[in-house]
Amino acid sequence: MLDSPVIPVIVLDDTNQAVPLARALLAGGIRMLEVTLRTPQALACIEAIARGVPEVVVGAGTVRSAADAQACAMAGARFAVSPGYTHSVGQACRDAGLALLPGVATGSEIMAAQEDGLTELKFFPAMQAGGPAMLKAWNGPFGDVRFCPTGGVTVANAPEFLTLPNVLCVGGSWLTPADTLARGNWSHVTALAFQACRLARQAV
Ligand code: 3PG
């Protein structure tokens with residue numbers, strides 16, 4: 001989370017796009033990638049990036065079960081991101097040696113994750129669940145927790161999140177728009193990545 005102020009949330013349905021996309025993001029300064037398990041090709045894309053672009057750290061998103069955690073670890077994912085948290089997903093990630101960024105949206109969910117030793121959490125869906133104001137409120141009772149807000153984060157509101165003391169990075173899909181990927185417009189992806197890195201540097 002400290003390494004990458006913006007983690008792109010990626011949906012890929014064409015394995016051939018995986019390596020050029022990873023290279024395009026890397027060229028713009030982003031080396032931490034989350035490929036979501038939302039398409040049948042997602043695991044193959046993670047594998048292609050892990051083998052073909054070793055300079056980036058590829059993780060799996062939308063990890064919702066122990067089986068997802070095992071499958072993405074086998075594919076070469078180095079971390080897992082989940083939209084919520086269950087003890088079994090946490091245990092499966094520990095068993096597989098995967099760092100886990102679990103999603104939370106309430107105080108009770110934060111406490112459940114903390115009980116299992118997790119103190120870096122994804123705030124999801126960030127804008128819909130309260131945005132920066134929610135994170136400011138949580139910084140009182142949960143001052144020892146650090147967050148990656150994701151969901152509704154854009155190039156316009158990312159700086160506001162990144163200036164909060166309990167935010168280490170943000171996640172978002174805006175760096176990899178579906179139409180840009182479909183056209184193979186890798187220079188546009190690099191430009192979006194570069195812009196995100198520059199904004200993030202200004203905010204912190
Ligand atoms: C996610 O898929 O984790 C988030 O929904 C990404 O949200 P965004 O598309 O609003 O950036």
# chains A, B, ... in the order shown; residues from 1 in each chain; ligands from 1
>>> closest_atom_pairs(of="chain A", to="ligand 1", cutoff="9 Å", atoms="only C-alpha atoms and all ligand atoms", output="JSON lines")
{"residue": "A:Pro8", "atom": "CA", "partner": "ligand 1", "partner_atom_place_in_ligand_line": "11 (O)", "distance": 8.1}
{"residue": "A:Val9", "atom": "CA", "partner": "ligand 1", "partner_atom_place_in_ligand_line": "6 (C)", "distance": 5.9}
{"residue": "A:Ile10", "atom": "CA", "partner": "ligand 1", "partner_atom_place_in_ligand_line": "2 (O)", "distance": 7.8}
{"residue": "A:Val11", "atom": "CA", "partner": "ligand 1", "partner_atom_place_in_ligand_line": "2 (O)", "distance": 8.4}
{"residue": "A:Glu34", "atom": "CA", "partner": "ligand 1", "partner_atom_place_in_ligand_line": "3 (O)", "distance": 8.9}
{"residue": "A:Thr36", "atom": "CA", "partner": "ligand 1", "partner_atom_place_in_ligand_line": "2 (O)", "distance": 7.3}
{"residue": "A:Gly61", "atom": "CA", "partner": "ligand 1", "partner_atom_place_in_ligand_line": "3 (O)", "distance": 7.1}
{"residue": "A:Thr62", "atom": "CA", "partner": "ligand 1", "partner_atom_place_in_ligand_line": "3 (O)", "distance": 7.0}
{"residue": "A:Val81", "atom": "CA", "partner": "ligand 1", "partner_atom_place_in_ligand_line": "3 (O)", "distance": 8.2}
{"residue": "A:Ser82", "atom": "CA", "partner": "ligand 1", "partner_atom_place_in_ligand_line": "3 (O)", "distance": 8.0}
{"residue": "A:Pro83", "atom": "CA", "partner": "ligand 1", "partner_atom_place_in_ligand_line": "3 (O)", "distance": 6.6}
{"residue": "A:Gly103", "atom": "CA", "partner": "ligand 1", "partner_atom_place_in_ligand_line": "3 (O)", "distance": 8.8}
{"residue": "A:Lys122", "atom": "CA", "partner": "ligand 1", "partner_atom_place_in_ligand_line": "3 (O)", "distance": 9.0}
{"residue": "A:Phe124", "atom": "CA", "partner": "ligand 1", "partner_atom_place_in_ligand_line": "3 (O)", "distance": 7.2}
{"residue": "A:Pro125", "atom": "CA", "partner": "ligand 1", "partner_atom_place_in_ligand_line": "5 (O)", "distance": 6.5}
{"residue": "A:Ala126", "atom": "CA", "partner": "ligand 1", "partner_atom_place_in_ligand_line": "10 (O)", "distance": 8.5}
{"residue": "A:Met127", "atom": "CA", "partner": "ligand 1", "partner_atom_place_in_ligand_line": "10 (O)", "distance": 8.3}
{"residue": "A:Thr150", "atom": "CA", "partner": "ligand 1", "partner_atom_place_in_ligand_line": "4 (C)", "distance": 5.5}
{"residue": "A:Gly151", "atom": "CA", "partner": "ligand 1", "partner_atom_place_in_ligand_line": "7 (O)", "distance": 3.5}
{"residue": "A:Gly152", "atom": "CA", "partner": "ligand 1", "partner_atom_place_in_ligand_line": "10 (O)", "distance": 3.6}
{"residue": "A:Val153", "atom": "CA", "partner": "ligand 1", "partner_atom_place_in_ligand_line": "11 (O)", "distance": 5.4}
{"residue": "A:Thr154", "atom": "CA", "partner": "ligand 1", "partner_atom_place_in_ligand_line": "11 (O)", "distance": 6.9}
{"residue": "A:Gly171", "atom": "CA", "partner": "ligand 1", "partner_atom_place_in_ligand_line": "11 (O)", "distance": 6.5}
{"residue": "A:Gly172", "atom": "CA", "partner": "ligand 1", "partner_atom_place_in_ligand_line": "11 (O)", "distance": 3.4}
{"residue": "A:Ser173", "atom": "CA", "partner": "ligand 1", "partner_atom_place_in_ligand_line": "11 (O)", "distance": 3.9}
{"residue": "A:Trp174", "atom": "CA", "partner": "ligand 1", "partner_atom_place_in_ligand_line": "11 (O)", "distance": 5.8}
{"residue": "A:Leu175", "atom": "CA", "partner": "ligand 1", "partner_atom_place_in_ligand_line": "11 (O)", "distance": 8.7}
>>> residues_around(residues="Leu98 in chain A", least_positions_apart="2", cutoff="10 Å", atoms="only C-alpha atoms", output="list in words")
Gly59, Ala60, Ala69, Gln70, Cys72, Ala73, Gly76, Ala77, Arg78, Phe79, Ala80, Val81, Gly90, Gln91, Ala92, Cys93, Arg94, Asp95, Ala96, Leu100 and Leu101 of chain A
>>> residues_around(residues="Pro141 in chain A", least_positions_apart="6", cutoff="12 Å", atoms="only C-alpha atoms", output="list in words")
Gly107, Ser108, Ile110, Met111, Met134, Leu135 and Asn166 of chain A
>>> residues_around(residues="Asp13 in chain A", least_positions_apart="6", cutoff="9 Å", atoms="only C-alpha atoms", output="list in words")
Arg38, Thr39, Pro40, Gln41, Ala42 and Cys45 of chain A
>>> residues_around(residues="Leu2 in chain A", least_positions_apart="3", cutoff="8 Å", atoms="only C-alpha atoms", output="MDAnalysis selection string")
chainID A and resid 5 168:169
>>> write_last_selection(atoms="C-alpha atoms", output="short mmCIF file (atom, residue, chain, number, x, y, z; two decimals), in the first residue's frame")
data_model
loop_
_atom_site.label_atom_id
_atom_site.label_comp_id
_atom_site.auth_asym_id
_atom_site.auth_seq_id
_atom_site.Cartn_x
_atom_site.Cartn_y
_atom_site.Cartn_z
CA PRO A 5 -0.69 5.35 -3.92
CA LEU A 168 -2.31 4.85 2.54
CA CYS A 169 -3.55 4.43 -1.04
#
>>> atom_distance(atom1="CA of Ala50 in chain A", atom2="CA of Phe147 in chain A")
25.5 Å
